[in-house]
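Undergrad: Below you'll find run_30.txt; it's compact mmCIF, C-alpha atoms and all ligand atoms.
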# COMPACT_ATOMS: atom_id res chain seq x y z
CA MET U 192 36.64 0.97 -20.44
CA THR U 193 33.55 -1.02 -19.53
CA THR U 194 35.44 -3.31 -17.14
CA GLN U 195 37.06 -0.31 -15.48
CA LYS U 196 33.69 1.37 -15.09
CA MET U 197 32.15 -1.73 -13.61
CA SER U 198 34.92 -2.37 -11.07
CA PHE U 199 32.83 -0.69 -8.37
CA LEU U 200 30.36 -3.56 -8.61
CA LYS U 201 32.45 -5.74 -6.30
CA HIS U 202 31.47 -3.29 -3.54
CA ILE U 203 27.74 -3.43 -4.27
CA LYS U 204 25.92 -6.10 -2.27
CA PRO U 205 25.15 -9.16 -4.42
CA SER U 206 21.57 -9.02 -3.11
CA VAL U 207 21.25 -5.50 -4.52
CA GLN U 208 22.83 -6.38 -7.86
CA LYS U 209 20.15 -9.03 -8.33
CA LEU U 210 17.31 -6.53 -7.82
CA GLU U 211 15.38 -4.70 -10.48
CA THR U 212 14.72 -0.98 -10.25
CA TYR U 213 11.06 -0.32 -9.55
CA ASN U 214 9.16 1.23 -12.39
CA VAL U 215 5.51 1.66 -13.28
CA LYS U 216 4.77 1.00 -16.94
CA GLY U 217 2.46 3.43 -18.67
CA LYS U 218 2.18 6.85 -20.20
CA PRO U 219 2.99 10.32 -18.88
CA LEU U 220 0.18 11.98 -16.99
CA SER U 221 -2.07 14.12 -19.21
CA SER U 222 -5.62 15.41 -19.13
CA GLU U 223 -6.66 12.78 -21.72
CA LEU U 224 -5.22 9.82 -19.85
CA ILE U 225 -7.71 7.68 -17.89
CA LYS U 226 -5.34 6.61 -15.14
CA LEU U 227 -6.52 3.56 -13.22
CA ASN U 228 -3.22 1.77 -12.63
CA GLN U 229 -1.89 2.88 -9.23
CA ASN U 230 -4.89 2.62 -6.90
CA GLU U 231 -4.88 6.37 -6.43
CA ASN U 232 -7.84 8.47 -5.39
CA PRO U 233 -9.42 9.94 -8.56
CA PHE U 234 -10.16 13.21 -6.75
CA ASP U 235 -7.62 15.90 -6.03
CA LEU U 236 -8.27 18.28 -3.12
CA PRO U 237 -10.77 21.06 -3.82
CA GLU U 238 -9.16 24.05 -5.57
CA GLU U 239 -10.02 26.47 -2.76
CA LEU U 240 -8.49 24.22 -0.11
CA LYS U 241 -5.30 23.82 -2.15
CA ARG U 242 -4.97 27.60 -2.49
CA GLU U 243 -5.52 28.10 1.22
CA LEU U 244 -2.86 25.49 2.08
CA VAL U 245 -0.31 26.88 -0.38
CA GLU U 246 -0.94 30.44 0.82
CA ASP U 247 -0.42 29.33 4.41
CA PHE U 248 2.79 27.55 3.50
CA TYR U 249 4.09 30.65 1.72
CA HIS U 250 4.36 32.35 5.11
CA GLN U 251 6.31 29.54 6.76
CA PRO U 252 10.12 29.62 6.82
CA TRP U 253 11.49 27.27 4.14
CA ASN U 254 15.08 27.55 5.34
CA ARG U 255 14.44 25.77 8.66
CA TYR U 256 14.36 22.05 9.24
CA PRO U 257 11.01 20.53 10.11
CA ASP U 258 10.73 18.73 13.48
CA VAL U 259 12.81 15.54 13.52
CA PHE U 260 9.49 13.76 13.93
CA PRO U 261 6.44 15.88 13.00
CA THR U 262 5.00 16.88 16.40
CA HIS U 263 1.82 18.62 15.18
CA LEU U 264 0.90 15.83 12.81
CA LEU U 265 1.52 13.22 15.52
CA GLU U 266 -0.75 15.15 17.89
CA ALA U 267 -3.49 15.41 15.26
CA LEU U 268 -3.20 11.70 14.46
CA SER U 269 -3.24 10.84 18.14
CA LYS U 270 -6.56 12.66 18.57
CA ASP U 271 -8.01 11.26 15.36
CA ARG U 272 -6.99 7.65 16.01
CA ASN U 273 -7.49 7.82 19.75
CA VAL U 274 -4.03 6.44 20.57
CA PRO U 275 -1.18 8.09 22.49
CA VAL U 276 1.33 10.17 20.52
CA GLU U 277 3.98 7.65 21.64
CA SER U 278 2.17 4.97 19.62
CA ILE U 279 2.68 6.70 16.25
CA ILE U 280 5.50 7.21 13.77
CA ALA U 281 4.82 9.34 10.69
CA ALA U 282 6.94 9.18 7.56
CA ASN U 283 7.30 10.12 3.92
CA GLY U 284 4.79 7.45 2.89
CA SER U 285 4.16 4.09 4.51
CA ASN U 286 6.69 2.54 2.11
CA GLU U 287 9.38 4.36 4.07
CA LEU U 288 8.08 2.83 7.29
CA MET U 289 8.24 -0.64 5.78
CA TYR U 290 11.96 0.02 5.20
CA THR U 291 12.27 1.32 8.78
CA ILE U 292 10.70 -1.89 10.08
CA GLY U 293 13.11 -3.87 7.90
CA LEU U 294 16.11 -1.92 9.22
CA ALA U 295 15.06 -2.66 12.77
CA ILE U 296 14.33 -6.36 12.27
CA ILE U 297 15.91 -7.89 9.16
CA GLY U 298 19.57 -8.87 9.00
CA LYS U 299 21.39 -11.65 7.17
CA GLY U 300 19.22 -14.76 7.23
CA THR U 301 16.34 -13.23 9.25
CA LYS U 302 13.20 -15.11 8.32
CA VAL U 303 10.24 -13.10 7.09
CA LEU U 304 6.94 -14.74 6.21
CA ILE U 305 4.60 -13.24 3.64
CA PRO U 306 1.42 -14.63 2.13
CA THR U 307 1.64 -14.36 -1.68
CA PRO U 308 0.70 -12.82 -4.05
CA THR U 309 1.13 -9.52 -2.23
CA PHE U 310 2.63 -6.03 -2.48
CA PHE U 311 6.04 -6.28 -4.26
CA LEU U 312 7.87 -4.09 -1.72
CA TYR U 313 7.96 -6.63 1.12
CA GLU U 314 9.97 -9.16 -0.89
CA LYS U 315 12.28 -6.42 -2.13
CA ILE U 316 13.05 -5.20 1.40
CA VAL U 317 13.75 -8.75 2.61
CA ASN U 318 16.12 -9.25 -0.34
CA VAL U 319 17.91 -5.89 0.07
CA MET U 320 18.52 -6.70 3.73
CA ASP U 321 19.69 -10.27 3.02
CA GLY U 322 16.81 -11.81 4.93
CA GLU U 323 15.20 -15.12 4.10
CA LEU U 324 11.77 -14.94 2.51
CA ILE U 325 9.18 -17.56 3.42
CA GLU U 326 6.18 -17.46 1.12
CA VAL U 327 2.80 -18.96 1.98
CA PRO U 328 0.50 -19.02 -1.05
CA MET U 329 -3.06 -17.76 -0.75
CA LYS U 330 -5.81 -20.39 -1.12
CA PRO U 331 -7.06 -21.01 -4.69
CA ASP U 332 -9.87 -18.47 -4.07
CA LEU U 333 -7.09 -15.97 -3.17
CA SER U 334 -8.13 -15.78 0.49
CA PHE U 335 -5.51 -15.91 3.26
CA ASP U 336 -4.49 -19.45 4.21
CA VAL U 337 -4.43 -18.80 7.95
CA GLU U 338 -3.83 -22.43 8.98
CA THR U 339 -0.76 -22.73 6.76
CA ILE U 340 0.54 -19.31 7.86
CA ILE U 341 0.37 -20.45 11.49
CA ARG U 342 1.79 -23.91 10.83
CA THR U 343 4.65 -22.51 8.75
CA ALA U 344 5.41 -19.80 11.31
CA GLN U 345 5.48 -22.36 14.13
CA LYS U 346 7.98 -24.45 12.16
CA GLU U 347 10.16 -21.69 10.65
CA LYS U 348 9.91 -19.18 13.50
CA PRO U 349 10.09 -16.02 11.35
CA ALA U 350 10.98 -12.78 13.13
CA LEU U 351 8.40 -10.98 11.04
CA ILE U 352 5.10 -11.79 9.34
CA ILE U 353 3.75 -9.16 6.93
CA LEU U 354 0.03 -9.18 6.22
CA ASN U 355 -1.44 -6.74 3.74
CA SER U 356 -5.13 -6.33 4.47
CA PRO U 357 -6.97 -5.62 2.25
CA ASN U 358 -4.24 -7.26 0.20
CA SER U 359 -2.80 -5.82 -2.99
CA PRO U 360 -3.20 -7.03 -5.67
CA THR U 361 -5.91 -9.55 -4.66
CA GLY U 362 -8.25 -7.16 -2.78
CA GLN U 363 -9.11 -9.62 0.01
CA SER U 364 -8.82 -9.06 3.76
CA ILE U 365 -7.73 -11.18 6.68
CA LEU U 366 -10.18 -11.20 9.61
CA ILE U 367 -9.02 -9.56 12.84
CA ALA U 368 -9.81 -12.81 14.65
CA ASP U 369 -7.28 -14.51 12.36
CA VAL U 370 -4.67 -11.78 12.91
CA GLU U 371 -5.17 -12.42 16.64
CA ARG U 372 -4.82 -16.16 16.13
CA ILE U 373 -1.50 -15.60 14.33
CA LEU U 374 -0.37 -13.31 17.17
CA ASN U 375 -1.42 -15.81 19.83
CA GLU U 376 -0.07 -18.94 18.15
CA THR U 377 3.33 -17.60 17.00
CA ASP U 378 5.88 -15.30 18.57
CA SER U 379 6.66 -13.26 15.43
CA ILE U 380 6.26 -9.51 15.07
CA ILE U 381 3.19 -9.00 12.88
CA VAL U 382 2.88 -6.07 10.48
CA VAL U 383 -0.60 -5.41 9.11
CA ASP U 384 -0.36 -3.02 6.18
CA GLU U 385 -3.77 -1.32 6.03
CA ALA U 386 -3.14 1.00 3.08
CA TYR U 387 -6.67 0.28 1.77
CA ILE U 388 -8.59 -0.25 5.02
CA GLU U 389 -10.84 2.78 4.53
CA PHE U 390 -12.50 1.03 1.55
CA SER U 391 -13.24 -2.09 3.58
CA ASP U 392 -16.19 -2.81 5.85
CA LYS U 393 -13.93 -4.95 8.07
CA PRO U 394 -12.47 -3.45 11.25
CA SER U 395 -8.86 -2.27 11.50
CA ALA U 396 -6.28 -4.24 13.47
CA ALA U 397 -5.96 -1.01 15.48
CA THR U 398 -8.98 -2.25 17.46
CA VAL U 399 -6.74 -4.88 19.12
CA LEU U 400 -3.50 -2.88 19.30
CA SER U 401 -3.67 -2.41 23.07
CA LYS U 402 -3.53 -6.22 23.52
CA TYR U 403 -0.36 -6.98 21.53
CA ASP U 404 3.13 -5.53 21.83
CA ARG U 405 4.19 -7.46 18.70
CA LEU U 406 1.65 -5.78 16.41
CA ILE U 407 2.53 -2.96 13.97
CA ILE U 408 -0.12 -1.34 11.78
CA LEU U 409 0.75 0.66 8.65
CA ARG U 410 -1.58 3.35 7.32
CA THR U 411 -1.31 5.88 4.51
CA PHE U 412 -2.75 9.18 3.28
CA SER U 413 -2.03 8.08 -0.31
CA LYS U 414 -5.34 6.35 -1.06
CA ALA U 415 -8.50 7.38 0.83
CA PHE U 416 -7.03 10.81 1.66
CA SER U 417 -6.01 11.71 -1.93
CA LEU U 418 -2.43 12.59 -0.95
CA ALA U 419 -0.28 10.13 -2.94
CA GLY U 420 1.74 13.06 -4.30
CA LEU U 421 2.52 14.51 -0.86
CA ARG U 422 3.81 11.27 0.68
CA ILE U 423 2.44 10.80 4.18
CA GLY U 424 2.15 7.45 5.92
CA TYR U 425 2.21 6.43 9.55
CA LEU U 426 2.42 3.40 11.77
CA LEU U 427 0.68 2.46 14.97
CA ALA U 428 2.26 0.22 17.59
CA GLN U 429 2.63 0.13 21.34
CA PRO U 430 5.08 2.76 22.70
CA ALA U 431 7.81 0.21 23.52
CA MET U 432 7.83 -1.00 19.89
CA VAL U 433 7.72 2.58 18.58
CA SER U 434 10.82 3.44 20.67
CA GLU U 435 12.77 0.68 18.94
CA LEU U 436 11.52 1.49 15.44
CA LEU U 437 12.39 5.19 15.82
CA LYS U 438 16.06 4.33 16.32
CA PRO U 439 16.90 3.37 12.70
CA LYS U 440 14.39 5.76 11.14
CA ILE U 441 15.65 8.45 8.76
CA PRO U 442 15.06 11.80 10.52
CA PHE U 443 13.19 14.78 9.00
CA THR U 444 11.41 12.81 6.27
CA VAL U 445 8.03 14.47 6.78
CA ASN U 446 8.22 17.92 5.21
CA ASN U 447 6.27 20.84 6.69
CA PHE U 448 3.92 21.24 3.75
CA SER U 449 2.81 17.60 3.61
CA ALA U 450 2.36 17.54 7.39
CA SER U 451 0.12 20.63 7.33
CA VAL U 452 -2.00 19.23 4.49
CA ALA U 453 -2.45 15.93 6.32
CA ILE U 454 -3.49 17.78 9.50
CA LYS U 455 -6.01 19.79 7.48
CA LEU U 456 -7.48 16.65 5.92
CA LEU U 457 -7.97 15.09 9.34
CA GLN U 458 -10.34 18.04 9.95
CA LYS U 459 -12.21 17.39 6.69
CA ASN U 460 -13.84 14.16 7.67
CA ASP U 461 -17.00 14.80 5.63
CA LEU U 462 -15.04 15.37 2.43
CA VAL U 463 -12.91 12.26 2.88
CA THR U 464 -15.84 10.06 3.90
CA GLU U 465 -17.94 11.22 0.95
CA ARG U 466 -15.14 10.32 -1.46
CA ILE U 467 -14.66 6.91 0.12
CA ARG U 468 -18.38 6.23 -0.26
CA TYR U 469 -18.24 7.25 -3.92
CA ILE U 470 -15.24 5.02 -4.63
CA ILE U 471 -16.91 2.04 -2.95
CA GLN U 472 -20.00 2.61 -5.14
CA GLN U 473 -17.83 2.79 -8.24
CA ARG U 474 -16.03 -0.42 -7.24
CA ALA U 475 -19.46 -2.12 -7.08
CA TYR U 476 -20.33 -0.62 -10.48
CA LEU U 477 -17.12 -1.95 -12.01
CA TYR U 478 -17.60 -5.36 -10.38
CA LYS U 479 -21.16 -5.66 -11.72
CA ASN U 480 -20.18 -4.63 -15.23
CA LEU U 481 -17.12 -6.86 -15.35
CA SER U 482 -18.97 -9.89 -13.96
CA GLU U 483 -21.69 -9.48 -16.61
CA GLN U 484 -19.10 -9.68 -19.39
CA ASN U 485 -18.77 -12.99 -21.13
CA GLY U 486 -15.35 -14.50 -20.69
CA ILE U 487 -14.32 -12.29 -17.75
CA THR U 488 -13.53 -13.62 -14.29
CA VAL U 489 -13.53 -10.91 -11.65
CA PHE U 490 -12.79 -11.17 -7.93
CA ARG U 491 -14.61 -9.27 -5.19
CA SER U 492 -12.49 -6.71 -3.40
CA ASP U 493 -12.48 -4.86 -0.06
CA SER U 494 -10.20 -2.29 -1.61
CA ASN U 495 -10.41 0.49 -4.22
CA PHE U 496 -9.37 -1.86 -7.04
CA LEU U 497 -10.40 -5.13 -8.66
CA ILE U 498 -8.49 -7.88 -10.42
CA PHE U 499 -9.95 -9.65 -13.42
CA LYS U 500 -8.94 -12.14 -16.06
CA SER U 501 -10.12 -12.45 -19.66
CA LYS U 502 -9.49 -14.89 -22.46
CA ASN U 503 -7.11 -12.36 -24.01
CA GLU U 504 -3.43 -12.20 -23.12
CA ALA U 505 -3.12 -9.65 -20.26
CA SER U 506 -0.30 -7.68 -21.89
CA VAL U 507 -2.19 -7.45 -25.20
CA LEU U 508 -5.36 -6.21 -23.51
CA LEU U 509 -3.31 -3.69 -21.55
CA GLU U 510 -1.75 -2.33 -24.76
CA ARG U 511 -5.12 -2.16 -26.50
CA LEU U 512 -6.63 -0.21 -23.61
CA LEU U 513 -3.60 2.06 -23.63
CA SER U 514 -4.26 2.82 -27.28
CA GLU U 515 -7.64 4.12 -26.05
CA ASN U 516 -5.80 6.21 -23.42
CA VAL U 517 -6.93 3.93 -20.59
CA LEU U 518 -4.12 2.84 -18.29
CA ILE U 519 -4.60 -0.15 -15.98
CA ARG U 520 -2.10 -2.57 -14.42
CA ASP U 521 -0.77 -5.90 -15.64
CA VAL U 522 -0.46 -8.11 -12.55
CA SER U 523 -0.09 -11.34 -14.53
CA SER U 524 3.47 -11.96 -13.37
CA TYR U 525 2.46 -12.32 -9.71
CA PRO U 526 2.23 -15.89 -8.43
CA MET U 527 -1.28 -17.34 -8.97
CA LEU U 528 -2.34 -14.38 -11.12
CA LYS U 529 -1.44 -15.54 -14.61
CA GLY U 530 -3.63 -13.64 -17.07
CA PHE U 531 -4.86 -11.09 -14.51
CA LEU U 532 -5.13 -7.33 -14.82
CA ARG U 533 -5.89 -4.83 -12.06
CA VAL U 534 -8.03 -1.74 -12.39
CA ASN U 535 -8.76 0.81 -9.67
CA ALA U 536 -12.09 2.53 -9.27
CA GLY U 537 -11.95 6.01 -10.77
CA THR U 538 -14.73 8.50 -11.40
CA GLU U 539 -17.85 7.20 -13.15
CA PHE U 540 -16.63 8.85 -16.37
CA GLU U 541 -13.23 7.12 -16.09
CA ASN U 542 -14.77 3.76 -15.25
CA ASN U 543 -17.11 3.99 -18.23
CA ALA U 544 -14.18 4.85 -20.50
CA PHE U 545 -12.40 1.73 -19.23
CA LEU U 546 -15.49 -0.49 -19.67
CA THR U 547 -16.14 0.85 -23.17
CA GLY U 548 -12.53 0.29 -24.15
CA LEU U 549 -12.57 -3.20 -22.70
CA LYS U 550 -15.80 -4.24 -24.47
CA LYS U 551 -14.34 -3.06 -27.75
CA TYR U 552 -11.46 -5.51 -27.52
CA LEU U 553 -13.03 -8.53 -25.89
C1 LIG U 601 0.03 -2.50 0.01
C2 LIG U 601 0.44 -1.10 -0.08
N1 LIG U 601 1.02 -0.52 0.97
C3 LIG U 601 1.36 0.78 0.91
C4 LIG U 601 1.14 1.52 -0.22
C5 LIG U 601 1.37 2.99 -0.27
O1 LIG U 601 2.42 3.41 0.34
P1 LIG U 601 2.70 4.95 0.53
O2 LIG U 601 2.07 5.34 1.85
O3 LIG U 601 4.19 4.95 0.61
O4 LIG U 601 2.17 5.73 -0.61
C6 LIG U 601 0.60 0.94 -1.34
C7 LIG U 601 0.45 1.72 -2.57
O5 LIG U 601 0.38 1.30 -3.66
C8 LIG U 601 0.22 -0.41 -1.26
O6 LIG U 601 -0.36 -1.00 -2.32
Using structure tokens, write down the structure that the file contains.
Ligand SMILES: Cc1ncc(COP(=O)(O)O)c(C=O)c1O

TA:
Amino acid sequence: MTTQKMSFLKHIKPSVQKLETYNVKGKPLSSELIKLNQNENPFDLPEELKRELVEDFYHQPWNRYPDVFPTHLLEALSKDRNVPVESIIAANGSNELMYTIGLAIIGKGTKVLIPTPTFFLYEKIVNVMDGELIEVPMKPDLSFDVETIIRTAQKEKPALIILNSPNSPTGQSILIADVERILNETDSIIVVDEAYIEFSDKPSAATVLSKYDRLIILRTFSKAFSLAGLRIGYLLAQPAMVSELLKPKIPFTVNNFSASVAIKLLQKNDLVTERIRYIIQQRAYLYKNLSEQNGITVFRSDSNFLIFKSKNEASVLLERLLSENVLIRDVSSYPMLKGFLRVNAGTEFENNAFLTGLKKYL
């Protein structure tokens, strides 16, 4: 019976069979859970705004397809970002766009360079698409090793280099001058995933987009804009690159509701900016408190999360915090991060609950 059932496996790509299904360890969402494990924004949209958006959506036809590519959202983004509409692709989260980029670029044996440790998805996409992964480790202080990235790219000639800045899970950024050096000294397509850029005081790579037709920038509404649950991401690139990337893209992935909420949030700059400021303050609060703890090593971060290491086994500390209803992330299996945990900045109440729980078990 089992062998019969499994006979389909010969048709599944070996590269897929080797993969693991993505899952996030933790507990179901509840009002008691202090959830600091997925770098989300701790604040939902204001109640009144949610009601207004839902009421509006009630009157829209649900039986009709949305635009193939969401025209109104693209126009709003174009105004907000000050780039032509032809420079933008919106999608059901920036993760989807990373797959789109992979579909356009990665085939069997295509070389893709990533600095590591970094966001798990890049490696997964390279593997699914049978590409060849070239990893360049971060420096011991977890900063980008720009010289080695350039040297390796000149030797290996990857089609694609993926830079996550600020980088997850390390929290550090690559300077725009260094992104430009990589662009100028290699001929690879460079993706800069800026999912966390709003929490950084460093400029976006978008400031140099007009100079480089090999540059692609990924942005998301999932973090600073509080919309992880509605799934909106977008990319910026020059129109010629956008034309190519649109070809393999899955059509209709931005639903009407998410698009209208994203458009609304682009008009709520004060609300979004205020929340970003709060989160940055809370990141500083967490950093100060963690660095004052005996036996804790914590790294500075340009993002909305921090990584830290204690003398305790990471998985044990994680479980202990979970028993206090505090959920953070074990990142100890990433290269160079043995013993490390990651916590994102929540509300002051949530951060205090985490710090209290942590102190109890140190
Ligand atoms: C590096 C990085 N890119 C992108 C995302 C978010 O992607 P999405 O826009 O699909 O929510 C995350 C979220 O965890 C991330 O850490």

Undergrad: Just the residues within 10 Å of stretch 498-502 of chain U, please, counting only C-alpha atoms, with nothing from its chain fewer than 5 positions along; format it as number ranges by chain.

TA: U: 359-362, 478, 481-482, 484-492, 508, 520-523, 528-535, 553

Undergrad: May I ask you to write as a count of residues only all residues lying at most 6 Å from ligand LIG 601 (chain U), with only C-alpha atoms and all ligand atoms counted?

TA: 14

Undergrad: Would you kindly return, as a PDB file with C-alpha atoms, in the frame of the given file, each protein, DNA or RNA residue with an atom no farther than 10 Å from any atom of U:Thr291, considering all atoms listed in the file and excluding same-chain residues fewer than 4 positions away?

TA:
ATOM      1  CA  ALA U 282       6.940   9.180   7.560  1.00  0.00           C
ATOM      2  CA  SER U 285       4.160   4.090   4.510  1.00  0.00           C
ATOM      3  CA  ASN U 286       6.690   2.540   2.110  1.00  0.00           C
ATOM      4  CA  GLU U 287       9.380   4.360   4.070  1.00  0.00           C
ATOM      5  CA  ALA U 295      15.060  -2.660  12.770  1.00  0.00           C
ATOM      6  CA  ILE U 296      14.330  -6.360  12.270  1.00  0.00           C
ATOM      7  CA  ILE U 297      15.910  -7.890   9.160  1.00  0.00           C
ATOM      8  CA  ILE U 316      13.050  -5.200   1.400  1.00  0.00           C
ATOM      9  CA  LEU U 436      11.520   1.490  15.440  1.00  0.00           C
ATOM     10  CA  LEU U 437      12.390   5.190  15.820  1.00  0.00           C
ATOM     11  CA  LYS U 438      16.060   4.330  16.320  1.00  0.00           C
ATOM     12  CA  PRO U 439      16.900   3.370  12.700  1.00  0.00           C
ATOM     13  CA  LYS U 440      14.390   5.760  11.140  1.00  0.00           C
ATOM     14  CA  ILE U 441      15.650   8.450   8.760  1.00  0.00           C
TER      15      ILE U 441
END

Undergrad: May I ask which of the residues U:Glu277, U:Glu371, U:Glu541, U:Glu510 is the closest one to U:Pro430, counting all atoms listed in the file?

TA: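 Closest to U:Pro430 of all the choices is U:Glu277.
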
Undergrad: Could you state the separation of atom CA of U:Ala450 and atom CA of U:Thr262 in Å, given to one decimal place?

TA: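 These atoms are spaced 9.4 Å apart.
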
Undergrad: What is the distance between atom CA of U:Ala396 and atom CA of U:Gln473, in Å to one decimal?

TA: 25.6 Å

Undergrad: Name the residues within 6 Å of (14.7, -13.3, 12.8), counting only C-alpha atoms in the file's coordinates, and put them as a ChimeraX atom specification.

TA: /U:301-302,349-350

Undergrad: Using C-alpha atoms, can you write the selected residues to a file as a PDB file, in the coordinates of the input?

TA:
ATOM      1  CA  THR U 301      16.340 -13.230   9.250  1.00  0.00           C
ATOM      2  CA  LYS U 302      13.200 -15.110   8.320  1.00  0.00           C
ATOM      3  CA  PRO U 349      10.090 -16.020  11.350  1.00  0.00           C
ATOM      4  CA  ALA U 350      10.980 -12.780  13.130  1.00  0.00           C
TER       5      ALA U 350
END

Undergrad: Compare U:Asn318, U:Thr547, U:Thr307, U:Asn230 by their minimum atom-to-atom distance to U:Glu211, counting all atoms listed in the file, and give me the closest one.

TA: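 Answer, going by the shortest atom-to-atom distance: U:Asn318.
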
Undergrad: Pick from U:Asn273, U:Thr538, U:Ser494, U:Asn543: nearest to U:Lys414, with all atoms listed in the file counted?

TA: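 With all atoms listed in the file as the atom set, the closest residue is U:Ser494.
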
Undergrad: Can you pull out the residues contacting stretch 366-370 of chain U? Cut-off 8 Å, using only C-alpha atoms, and skip same-chain residues under 4 positions away; I want them as a PyMOL selection string.

TA: chain U and resi 337+374+393-396

Undergrad: Which residue is closest to U:Lys348? Choose from U:Met432, U:Leu477, U:Ile380, U:Met329 and count only C-alpha atoms.

TA: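 Of U:Met432, U:Leu477, U:Ile380, U:Met329, the one nearest U:Lys348, counting only C-alpha atoms, is U:Ile380.
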
Undergrad: Enter the distance from atom CA of U:Tyr256 to atom CA of U:Ala281, in Å, rounded to one decimal.

TA: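 It comes out at 16.0 Å.
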
Undergrad: Kindly extract all protein, DNA and RNA residues lying within 12 Å of the coordinates (5.8, 20.4, 14.4) given in the file, considering all atoms listed in the file, and supply them as a ChimeraX atom specification.

TA: /U:251,255-267,281,443,445-451,454
